[in-house]
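Structure first, then comments.
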There are 2 protein chains.
Amino acid sequence: MKQINENTLYDVAELFKNFSDSTRIRILYCLFEKERSVTQIAELLQMNQSAISHQLRFLKNSKLVKNRREGKTIYYSLDDDHVYNIISQGIEHVEE
Amino acid sequence: MKQINENTLYDVAELFKNFSDSTRIRILYCLFEKERSVTQIAELLQMNQSAISHQLRFLKNSKLVKNRREGKTIYYSLDDDHVYNIISQGIEHVEE
DNA sequence: AATACATATGAACAGATGTTCATATGTTCA
DNA sequence: TGAACATATGAACATCTGTTCATATGTATT
């Protein structure tokens, strides 16, 4: 087992916090396929726009999603190669 | 991307909840090396026994740790092969 | 049986978290 | 410029979460 820094585990907990809420993980999962706008995500998840927007900010701060503007619309997409792998591993775990 | 069940993502969020708290992840991490008693864990993490005990129950319910009694002492150890991999991947992520 | 040790448990509390509502900001198009 | 659309934001609120304290349960030893 490799030696790790004192604070690393706190950062790891912060990282996993992103995946510990069903709204956030559903947002990330629906971005697996392709980028989507805030409105599209809200419709997909059947939740109101503000709730999605708040969670997207959370995910953006964690650098898990990025966005780009196209006119009035802002498209969000995954910003981290690890996201796919981490969630996939989680899915594998629970489906056993 | 594979097709997943409606409820799977909720379960995945539940799974990651285990790793989203620094106390729990530190407990799990110190069990990487070997099994440890509640008191040993409390000393290692410099936290009181009750807090550790509560979190161990949490982790036990999630089937991430198991325990065995030896006299007065109860030893906890990891109960899931995935735990090691999931946390390792988290560590890798934050150390980049 | 009484004491000491190890762990578990429930209640109480403070702080964190997620959602909603109202509204602000930013963009497009007429 | 004004209206319509898309998104962001702050405040308020209810709920959830993690810790502590006090105490209960379980085991070993004398």
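Naming scheme: A, B, ... for chains in displayed order of the structure tokens; residues 1 onward per chain; ligands 1 onward as shown.
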
Mind checking which residues fall within 12 Å of Asn7 (chain A), counting only C-alpha atoms (C1' of nucleotides), ignoring those fewer than 6 positions away in the same chain, and posting them as a short mmCIF file (atom, residue, chain, number, x, y, z; two decimals) with all heavy atoms, in the first residue's frame?
```
data_model
loop_
_atom_site.label_atom_id
_atom_site.label_comp_id
_atom_site.auth_asym_id
_atom_site.auth_seq_id
_atom_site.Cartn_x
_atom_site.Cartn_y
_atom_site.Cartn_z
N ALA A 13 -12.41 12.37 0.40
CA ALA A 13 -13.78 12.48 0.90
C ALA A 13 -14.53 13.58 0.16
O ALA A 13 -15.68 13.40 -0.25
CB ALA A 13 -13.78 12.76 2.41
N GLU A 14 -13.86 14.71 -0.06
CA GLU A 14 -14.46 15.81 -0.82
C GLU A 14 -14.84 15.35 -2.23
O GLU A 14 -15.91 15.68 -2.73
CB GLU A 14 -13.49 16.99 -0.93
CG GLU A 14 -13.38 17.82 0.33
CD GLU A 14 -14.70 18.39 0.78
OE1 GLU A 14 -15.38 19.05 -0.01
OE2 GLU A 14 -15.07 18.14 1.96
N SER B 22 -14.91 12.21 5.87
CA SER B 22 -13.48 11.97 6.11
C SER B 22 -13.24 10.96 7.24
O SER B 22 -12.29 10.19 7.19
CB SER B 22 -12.75 13.28 6.37
OG SER B 22 -13.23 13.88 7.54
N ILE B 25 -13.79 7.50 5.66
CA ILE B 25 -12.75 7.10 4.72
C ILE B 25 -11.43 6.86 5.44
O ILE B 25 -10.66 5.97 5.07
CB ILE B 25 -12.62 8.12 3.57
CG1 ILE B 25 -12.11 7.39 2.33
CG2 ILE B 25 -11.73 9.28 3.92
CD1 ILE B 25 -12.38 8.13 1.05
N ARG B 26 -11.19 7.60 6.51
CA ARG B 26 -9.96 7.35 7.28
C ARG B 26 -10.05 6.01 8.00
O ARG B 26 -9.06 5.29 8.11
CB ARG B 26 -9.73 8.49 8.27
CG ARG B 26 -9.13 9.73 7.59
CD ARG B 26 -9.37 10.98 8.39
NE ARG B 26 -8.55 11.08 9.56
CZ ARG B 26 -8.98 11.52 10.76
NH1 ARG B 26 -10.25 11.89 10.91
NH2 ARG B 26 -8.16 11.59 11.76
N ILE B 91 -7.86 8.26 -4.47
CA ILE B 91 -6.55 8.81 -4.09
C ILE B 91 -5.77 9.21 -5.34
O ILE B 91 -5.20 10.30 -5.40
CB ILE B 91 -5.75 7.77 -3.27
CG1 ILE B 91 -6.40 7.56 -1.90
CG2 ILE B 91 -4.31 8.24 -3.09
CD1 ILE B 91 -5.80 6.43 -1.07
N VAL B 94 -7.10 12.58 -6.72
CA VAL B 94 -6.76 13.83 -6.03
C VAL B 94 -5.27 14.10 -6.00
O VAL B 94 -4.83 15.22 -5.77
CB VAL B 94 -7.30 13.87 -4.57
CG1 VAL B 94 -8.80 13.69 -4.56
CG2 VAL B 94 -6.63 12.83 -3.70
N GLU B 95 -4.47 13.07 -6.24
CA GLU B 95 -3.02 13.28 -6.19
C GLU B 95 -2.42 13.72 -7.52
O GLU B 95 -1.23 13.96 -7.61
CB GLU B 95 -2.33 12.00 -5.70
CG GLU B 95 -2.43 11.84 -4.18
CD GLU B 95 -1.55 10.73 -3.65
OE1 GLU B 95 -1.18 9.84 -4.44
OE2 GLU B 95 -1.22 10.77 -2.46
#
```

**Within 9 Å of chain C: residues of chain B, using only C-alpha atoms (C1' of nucleotides), as a list in words** = Val38, Thr39, Gln49, Ser50, Ser53, His54, Lys72, Thr73 and Ile74 of chain B

At most 12 Å is the cut-off: for each residue in chain D with any atom that close to an atom of chain B, write down the nearest atom pair and the distance in Å rounded to one decimal, counting only C-alpha atoms (C1' of nucleotides), chain first then increasing number, as JSON lines.
```
{"residue": "D:DT17", "atom": "C1'", "partner": "B:Asp21", "partner_atom": "CA", "distance": 9.9}
{"residue": "D:DG18", "atom": "C1'", "partner": "B:Ala51", "partner_atom": "CA", "distance": 7.9}
{"residue": "D:DT19", "atom": "C1'", "partner": "B:Ala51", "partner_atom": "CA", "distance": 6.2}
{"residue": "D:DT20", "atom": "C1'", "partner": "B:Ala51", "partner_atom": "CA", "distance": 8.0}
{"residue": "D:DC21", "atom": "C1'", "partner": "B:Ser50", "partner_atom": "CA", "distance": 9.5}
{"residue": "D:DA22", "atom": "C1'", "partner": "B:Ser50", "partner_atom": "CA", "distance": 11.2}
{"residue": "D:DT23", "atom": "C1'", "partner": "B:Ser50", "partner_atom": "CA", "distance": 11.8}
{"residue": "D:DT25", "atom": "C1'", "partner": "B:Lys72", "partner_atom": "CA", "distance": 11.7}
{"residue": "D:DG26", "atom": "C1'", "partner": "B:Lys72", "partner_atom": "CA", "distance": 7.8}
{"residue": "D:DT27", "atom": "C1'", "partner": "B:Lys72", "partner_atom": "CA", "distance": 5.0}
{"residue": "D:DA28", "atom": "C1'", "partner": "B:Lys72", "partner_atom": "CA", "distance": 7.2}
{"residue": "D:DT29", "atom": "C1'", "partner": "B:Lys72", "partner_atom": "CA", "distance": 11.7}
```

Exercise. Got a sec: who's within 8 Å of region 29-34 of chain A, counting only C-alpha atoms (C1' of nucleotides), leaving out chain neighbours fewer than 2 positions off, as a list of chain:residue names?
Worked result: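 Neighbouring residues, sequence-local ones excluded: A:Ile25, A:Arg26, A:Ile27, A:Arg36, A:Ile41, A:Tyr76, A:Ser77, A:Leu78, A:Tyr84, A:Ile87, B:Met1.
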
CA of Gln89 (chain A) to CA of Asn5 (chain A) measures 24.3 Å
